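Asker: Input structure: final_16.cif, which contains mmCIF, C-alpha atoms and all ligand atoms.
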```
data_coords
#
loop_
_atom_site.label_atom_id
_atom_site.label_comp_id
_atom_site.auth_asym_id
_atom_site.auth_seq_id
_atom_site.Cartn_x
_atom_site.Cartn_y
_atom_site.Cartn_z
CA MET A 15 1.57 -15.59 36.63
CA LYS A 16 3.08 -17.60 33.77
CA ASN A 17 6.81 -18.19 33.43
CA ILE A 18 8.66 -17.62 30.19
CA ARG A 19 12.30 -18.40 29.53
CA THR A 20 14.34 -15.49 30.94
CA CYS A 21 16.74 -15.21 33.87
CA HIS A 22 13.80 -14.20 36.02
CA PRO A 23 10.16 -15.14 35.86
CA VAL A 24 8.13 -12.51 34.02
CA ASP A 25 4.49 -11.67 34.46
CA ILE A 26 3.29 -11.67 30.85
CA GLU A 27 -0.14 -10.41 31.82
CA ASN A 28 1.43 -7.13 32.99
CA PRO A 29 0.40 -4.50 30.36
CA LEU A 30 3.92 -3.02 30.15
CA VAL A 31 5.54 -6.43 29.68
CA LYS A 32 2.81 -7.39 27.22
CA SER A 33 3.39 -4.36 25.00
CA MET A 34 7.19 -4.93 25.10
CA LEU A 35 6.74 -8.54 24.05
CA GLU A 36 4.41 -7.53 21.22
CA TYR A 37 6.93 -4.94 20.02
CA MET A 38 9.80 -7.47 20.14
CA SER A 39 7.76 -10.01 18.25
CA ARG A 40 6.78 -7.46 15.56
CA VAL A 41 10.37 -6.26 15.13
CA GLY A 42 11.49 -9.87 14.95
CA ARG A 43 9.02 -10.53 12.12
CA GLU A 44 10.01 -7.39 10.23
CA THR A 45 13.77 -7.89 10.45
CA LYS A 46 16.02 -10.27 8.68
CA GLY A 47 19.62 -10.59 9.87
CA GLY A 48 19.11 -7.52 12.04
CA ILE A 49 18.21 -5.25 9.10
CA MET A 50 14.72 -3.75 8.93
CA SER A 51 12.93 -4.98 5.80
CA LYS A 52 11.29 -2.35 3.57
CA PRO A 53 7.55 -1.76 3.94
CA LYS A 54 5.50 -3.47 1.22
CA THR A 55 4.29 -0.49 -0.74
CA THR A 56 3.69 -2.27 -4.04
CA ALA A 57 1.24 -5.07 -4.71
CA ARG A 58 2.42 -7.39 -7.47
CA VAL A 59 -0.86 -8.94 -8.45
CA ILE A 60 -1.31 -12.16 -10.43
CA VAL A 61 -4.58 -11.67 -12.31
CA THR A 62 -4.43 -14.90 -14.33
CA TYR A 63 -2.32 -18.04 -14.60
CA GLN A 64 -3.18 -18.48 -18.29
CA CYS A 65 -0.26 -17.98 -20.64
CA ASN A 66 0.34 -18.49 -24.34
CA ARG A 67 3.97 -19.51 -23.74
CA SER A 68 5.71 -22.22 -21.79
CA CYS A 69 9.09 -20.82 -20.79
CA PRO A 70 11.19 -23.42 -18.97
CA GLY A 71 11.53 -22.50 -15.28
CA CYS A 72 8.50 -20.20 -15.30
CA CYS A 73 7.40 -19.12 -11.80
CA ASN A 74 3.82 -19.39 -12.96
CA THR A 75 4.05 -23.17 -12.75
CA HIS A 76 5.62 -23.56 -9.34
CA GLU A 77 4.29 -20.63 -7.35
CA ASN A 78 1.96 -22.02 -4.74
CA SER A 79 2.30 -19.81 -1.69
CA VAL A 80 0.70 -16.64 -2.98
CA ARG A 81 -1.63 -14.70 -0.73
CA LYS A 82 -5.14 -14.61 -2.19
CA ILE A 83 -6.94 -11.29 -2.24
CA GLU A 84 -10.70 -11.69 -2.00
CA ASP A 85 -11.77 -8.05 -1.94
CA ILE A 86 -10.52 -5.32 -4.28
CA GLN A 87 -10.62 -2.97 -1.28
CA GLU A 88 -7.45 -4.68 0.00
CA LEU A 89 -5.53 -3.37 -3.02
CA LEU A 90 -6.30 0.25 -2.19
CA LYS A 91 -3.83 0.35 0.69
CA TYR A 92 -0.79 0.04 -1.62
CA LYS A 93 1.04 2.95 -3.25
CA GLU A 94 1.52 1.10 -6.53
CA ILE A 95 0.05 -1.92 -8.25
CA VAL A 96 1.88 -4.14 -10.72
CA ILE A 97 -0.40 -6.38 -12.74
CA THR A 98 1.18 -9.64 -13.78
CA GLY A 99 0.37 -13.25 -14.63
CA GLY A 100 0.44 -15.51 -16.48
CA GLU A 101 -0.23 -13.25 -19.41
CA PRO A 102 -2.58 -10.36 -18.51
CA MET A 103 -2.90 -9.33 -22.18
CA LEU A 104 -4.89 -12.53 -22.81
CA ILE A 105 -7.66 -11.11 -20.61
CA LYS A 106 -7.25 -7.43 -21.45
CA LYS A 107 -10.97 -6.59 -21.23
CA ASP A 108 -10.98 -7.86 -17.63
CA VAL A 109 -7.83 -5.91 -16.87
CA ILE A 110 -9.45 -2.74 -18.23
CA ARG A 111 -12.44 -3.40 -15.94
CA LEU A 112 -10.07 -3.84 -13.00
CA LEU A 113 -8.35 -0.52 -13.76
CA LEU A 114 -11.70 1.29 -14.00
CA LEU A 115 -12.84 -0.26 -10.73
CA LEU A 116 -9.62 0.65 -8.90
CA ARG A 117 -9.86 4.25 -10.07
CA SER A 118 -13.57 4.46 -9.24
CA ARG A 119 -12.77 3.28 -5.69
CA GLY A 120 -10.26 6.12 -5.35
CA PHE A 121 -6.95 4.38 -6.06
CA ALA A 122 -4.61 7.23 -7.03
CA GLY A 123 -1.29 5.36 -7.20
CA LYS A 124 0.57 4.21 -10.29
CA ILE A 125 -0.51 1.03 -12.06
CA TYR A 126 1.97 -0.95 -14.12
CA MET A 127 1.68 -4.17 -16.09
CA TYR A 128 4.12 -6.96 -17.00
CA THR A 129 3.45 -8.60 -20.34
CA ALA A 130 5.09 -10.56 -23.14
CA PHE A 131 2.21 -10.47 -25.60
CA PHE A 132 0.60 -7.78 -27.70
CA GLU A 133 -2.16 -7.49 -30.32
CA ASP A 134 -2.69 -4.19 -32.06
CA ASP A 135 -6.41 -3.59 -31.46
CA THR A 136 -8.75 -1.12 -29.75
CA TYR A 137 -8.71 -2.88 -26.37
CA SER A 138 -4.90 -2.87 -26.24
CA ASP A 139 -5.00 0.82 -27.01
CA ILE A 140 -7.52 1.52 -24.23
CA LEU A 141 -5.44 -0.54 -21.81
CA LEU A 142 -2.17 1.24 -22.64
CA ASP A 143 -3.92 4.60 -22.22
CA ARG A 144 -5.06 3.66 -18.72
CA LEU A 145 -1.77 2.23 -17.44
CA ASN A 146 1.09 4.30 -16.06
CA GLY A 147 3.65 1.88 -17.39
CA ILE A 148 4.37 -1.47 -18.96
CA THR A 149 7.28 -3.86 -18.91
CA PHE A 150 7.38 -5.87 -22.13
CA THR A 151 9.60 -8.95 -22.07
CA ILE A 152 10.95 -10.77 -25.08
CA HIS A 153 11.75 -14.30 -23.98
CA ALA A 154 14.41 -16.65 -25.33
CA GLU A 155 11.83 -18.64 -27.29
CA ALA A 156 10.74 -15.57 -29.29
CA THR A 157 9.54 -16.35 -32.82
CA GLU A 158 9.80 -14.19 -35.95
CA ASN A 159 6.24 -13.10 -35.22
CA ASP A 160 7.31 -11.86 -31.77
CA ILE A 161 9.90 -9.66 -33.45
CA VAL A 162 7.23 -8.23 -35.77
CA VAL A 163 5.04 -7.58 -32.70
CA PHE A 164 7.95 -5.88 -30.91
CA LYS A 165 8.37 -3.49 -33.86
CA GLN A 166 4.63 -2.74 -33.92
CA LEU A 167 4.51 -2.13 -30.19
CA SER A 168 7.61 0.11 -30.32
CA ASN A 169 5.83 2.37 -32.83
CA ILE A 170 2.74 2.53 -30.60
CA ILE A 171 4.81 3.17 -27.45
CA ALA A 172 6.37 6.15 -29.22
CA THR A 173 2.93 7.79 -29.38
CA LYS A 174 2.10 7.22 -25.67
CA SER A 175 4.11 9.88 -23.90
CA HIS A 176 2.38 9.26 -20.54
CA LEU A 177 3.56 5.65 -20.46
CA ASN A 178 6.70 4.49 -18.70
CA SER A 179 7.85 1.72 -21.02
CA ARG A 180 10.47 -0.86 -20.17
CA LEU A 181 11.71 -3.40 -22.67
CA PHE A 182 13.44 -6.51 -21.33
CA ILE A 183 15.13 -8.82 -23.82
CA ASP A 184 16.49 -12.19 -22.77
CA SER A 185 20.29 -11.99 -23.06
CA ARG A 186 20.33 -15.29 -24.99
CA ILE A 187 18.60 -13.66 -27.97
CA TRP A 188 19.95 -10.11 -27.61
CA ASP A 189 21.95 -10.42 -30.86
CA ARG A 190 18.77 -10.96 -32.88
CA PHE A 191 17.86 -7.35 -32.08
CA GLN A 192 21.02 -5.73 -33.40
CA GLU A 193 19.29 -4.36 -36.47
CA SER A 194 16.25 -3.18 -34.48
CA GLN A 195 18.24 -1.06 -32.07
CA ARG A 196 17.00 2.22 -33.51
CA ARG A 197 13.61 1.25 -32.04
CA PHE A 198 15.12 1.06 -28.56
CA SER A 199 15.02 4.86 -28.32
CA MET A 200 11.19 4.66 -28.38
CA TRP A 201 11.27 2.97 -24.96
CA SER A 202 11.95 4.64 -21.60
CA GLU A 203 14.35 1.85 -20.68
CA VAL A 204 15.83 -1.18 -22.42
CA ARG A 205 17.47 -3.97 -20.44
CA LYS A 206 19.23 -7.21 -21.24
CA LEU A 207 17.52 -9.78 -19.05
CA GLU A 208 19.43 -12.57 -17.35
CA TRP A 209 17.03 -15.44 -16.72
CA LYS A 210 16.74 -16.24 -13.00
CA ASP A 211 15.15 -19.38 -11.63
CA GLU A 212 14.31 -17.54 -8.42
CA CYS A 213 10.97 -15.80 -8.54
CA LYS A 214 11.15 -13.63 -5.47
CA PRO A 215 9.35 -10.29 -5.70
CA ALA A 216 11.37 -7.17 -4.89
CA GLU A 217 11.77 -6.27 -1.22
CA HIS A 218 9.11 -3.54 -1.34
CA GLU A 219 6.64 -5.75 -3.24
CA GLU A 220 4.02 -8.11 -1.93
CA LEU A 221 3.01 -10.92 -4.25
CA ALA A 222 -0.73 -11.53 -4.24
CA GLU A 223 -3.33 -13.31 -6.34
CA PHE A 224 -6.51 -11.58 -7.49
CA LEU A 225 -7.84 -13.69 -10.33
CA LEU A 226 -10.09 -12.00 -12.88
S1 LIG A 301 5.65 -15.62 -20.55
FE1 LIG A 301 5.95 -15.39 -18.33
S2 LIG A 301 4.17 -16.41 -17.41
FE2 LIG A 301 4.27 -17.07 -19.54
S3 LIG A 301 5.42 -19.00 -19.50
FE3 LIG A 301 6.89 -17.35 -19.91
S4 LIG A 301 7.69 -16.73 -17.89
FE4 LIG A 301 5.80 -17.91 -17.58
#
```
Let me see the structure of the file written as structure tokens.
Answerer:
Amino acid sequence: MKNIRTCHPVDIENPLVKSMLEYMSRVGRETKGGIMSKPKTTARVIVTYQCNRSCPGCCNTHENSVRKIEDIQELLKYKEIVITGGEPMLIKKDVIRLLLLLRSRGFAGKIYMYTAFFEDDTYSDILLDRLNGITFTIHAEATENDIVVFKQLSNIIATKSHLNSRLFIDSRIWDRFQESQRRFSMWSEVRKLEWKDECKPAEHEELAEFLL
């Protein structure tokens, strides 16, 4: 019999005590401040660390505690997958392959992608057709070319009725889009983005790395 710290000695080899201790330890891990945390139903998956921008305070540069996924099979247990980076559009052929592979393995959930880059070509078209949604962010350092790209993408989004499309614009450059506001109606949702230095995923999301 081994003693643990309670008012009375407890036999931790006893199956009943053992299962109670396991339960208490699991609940302890899953709760924070006494409130049950949400189950992780969404995998937010970093597929590349490459990026064509260098936004100050980017999580991409100081994230070092991400769980690495070795086998695509691990992704199948989630209800939704959010592809992120880095900039996934820089490796769009690989992302298309990933989508095909996930579907061929039976993944039936929604697949979304975060991006801040777009080129109007066949591969982008194939990718948009295979995603359930995208979130396109216009960062504070946007150039005139980024605004041209935003207009192009808005016109394409308007033709993709299956796609949930979210447009995030950094609040520091919101005014530059005053005259483009008629394009906002082409998107499912438009949001003014406040830059946050914290890079925590949402409560229901698990951040993971699956490099392509
Ligand atoms: S676009 Fe995103 S990943 Fe790239 S530098 Fe900016 S915040 Fe980081």
Asker: Could you work out an axis-aligned bounding box for all listed atoms of ligand LIG 301 (chain A), with 6 Å added on each of the six sides, and give its centre and edge lengths in Å to one decimal, as lines of an AutoDock Vina configuration file?
Answerer:
```
center_x = 5.9
center_y = -17.2
center_z = -19.0
size_x = 15.5
size_y = 15.6
size_z = 15.1
```
Asker: Between A:Ser194, A:Asn66, A:Asn159, A:Asn169, which is the closest to ligand LIG 301 (chain A) once you count all atoms listed in the file?
Answerer: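 Using all atoms listed in the file, ligand LIG 301 (chain A) sits closest to A:Asn66.
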Asker: Find the residues around Leu226 (chain A) up to 12 Å (all atoms listed in the file counted), leave out those fewer than 2 positions away in its own chain, and share them as an mmCIF file with C-alpha atoms, in the coordinates of the input.
Answerer:
```cif
data_model
loop_
_atom_site.group_PDB
_atom_site.id
_atom_site.type_symbol
_atom_site.label_atom_id
_atom_site.label_comp_id
_atom_site.auth_asym_id
_atom_site.auth_seq_id
_atom_site.Cartn_x
_atom_site.Cartn_y
_atom_site.Cartn_z
ATOM 1 C CA VAL A 59 -0.860 -8.940 -8.450
ATOM 2 C CA ILE A 60 -1.310 -12.160 -10.430
ATOM 3 C CA VAL A 61 -4.580 -11.670 -12.310
ATOM 4 C CA THR A 62 -4.430 -14.900 -14.330
ATOM 5 C CA TYR A 63 -2.320 -18.040 -14.600
ATOM 6 C CA GLN A 64 -3.180 -18.480 -18.290
ATOM 7 C CA ILE A 83 -6.940 -11.290 -2.240
ATOM 8 C CA GLU A 84 -10.700 -11.690 -2.000
ATOM 9 C CA ASP A 85 -11.770 -8.050 -1.940
ATOM 10 C CA ILE A 86 -10.520 -5.320 -4.280
ATOM 11 C CA ILE A 97 -0.400 -6.380 -12.740
ATOM 12 C CA THR A 98 1.180 -9.640 -13.780
ATOM 13 C CA GLY A 99 0.370 -13.250 -14.630
ATOM 14 C CA GLY A 100 0.440 -15.510 -16.480
ATOM 15 C CA GLU A 101 -0.230 -13.250 -19.410
ATOM 16 C CA PRO A 102 -2.580 -10.360 -18.510
ATOM 17 C CA LEU A 104 -4.890 -12.530 -22.810
ATOM 18 C CA ILE A 105 -7.660 -11.110 -20.610
ATOM 19 C CA LYS A 106 -7.250 -7.430 -21.450
ATOM 20 C CA LYS A 107 -10.970 -6.590 -21.230
ATOM 21 C CA ASP A 108 -10.980 -7.860 -17.630
ATOM 22 C CA VAL A 109 -7.830 -5.910 -16.870
ATOM 23 C CA ILE A 110 -9.450 -2.740 -18.230
ATOM 24 C CA ARG A 111 -12.440 -3.400 -15.940
ATOM 25 C CA LEU A 112 -10.070 -3.840 -13.000
ATOM 26 C CA LEU A 113 -8.350 -0.520 -13.760
ATOM 27 C CA GLU A 223 -3.330 -13.310 -6.340
ATOM 28 C CA PHE A 224 -6.510 -11.580 -7.490
#
```
Asker: How would you report the residues lying within 6 Å of ligand LIG 301 (chain A), as a ChimeraX atom specification, if you count only C-alpha atoms and all ligand atoms?
Answerer: /A:65,67-69,72,74,99-101,130
Asker: Kindly give the distance, in Å, that separates CA of Val204 (chain A) and CA of Glu133 (chain A), rounded to a single decimal.
Answerer: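 Computing it gives 20.6 Å between the two atoms.
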Asker: Please provide the set of residues having any atom within 12 Å of region 87-89 of chain A, restricted to all atoms listed in the file, with same-chain residues fewer than 2 positions apart removed, written as a PyMOL selection string.
Answerer: chain A and resi 54-59+81-85+91-97+112-113+115-123+125+220-224
Asker: Go through A:Ile171, A:Met127, A:Ile161, A:Ile140 one by one, measure the shortest atom-to-atom distance of each to Ile187 (chain A) using only C-alpha atoms, and give the residue with the smallest value.
Answerer: A:Ile161
Asker: Quick one, how far is CA of Gly147 (chain A) from CA of Arg180 (chain A)?
Answerer: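 So the two atoms, CA of Gly147 (chain A) and CA of Arg180 (chain A), lie 7.9 Å apart.
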Asker: How far is it from CA of Phe182 (chain A) to CA of Asn146 (chain A), in Å with one decimal?
Answerer: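 Pair CA of Phe182 (chain A) / CA of Asn146 (chain A) returns 17.2 Å.
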Asker: Which residue out of A:Lys124, A:Lys210, A:Lys52, A:Arg197 has the minimum interatomic distance to Phe164 (chain A) when all atoms listed in the file are used?
Answerer: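 Between A:Lys124, A:Lys210, A:Lys52, A:Arg197, the residue approaching Phe164 (chain A) most closely is A:Arg197.
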Asker: Which residue, A:Phe132, A:Tyr137, A:Glu193, A:Ser202, has the smallest gap to Asp160 (chain A) when you use all atoms listed in the file?
Answerer: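 The answer is A:Phe132, which sits nearest to Asp160 (chain A).
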Asker: For Cys73 (chain A), which residue among A:Trp188, A:Phe131, A:Tyr126, A:Trp209 is the nearest when counting all atoms listed in the file?
Answerer: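 Residue with the minimum atom-to-atom distance to Cys73 (chain A): A:Trp209.
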Asker: Report as number ranges by chain all protein, DNA and RNA residues lying within 10 Å of Lys174 (chain A), evaluated on all atoms listed in the file, omitting residues in the same chain fewer than 6 positions from it.
Answerer: A: 139, 142-143, 147, 200
Asker: What does the file look like for those residues with C-alpha atoms, as a compact mmCIF listing (two decimals), in the frame of the given file?
Answerer:
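Writing the result to out.txt gives the following:
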```txt
# COMPACT_ATOMS: atom_id res chain seq x y z
CA ASP A 139 -5.00 0.82 -27.01
CA LEU A 142 -2.17 1.24 -22.64
CA ASP A 143 -3.92 4.60 -22.22
CA GLY A 147 3.65 1.88 -17.39
CA MET A 200 11.19 4.66 -28.38
```
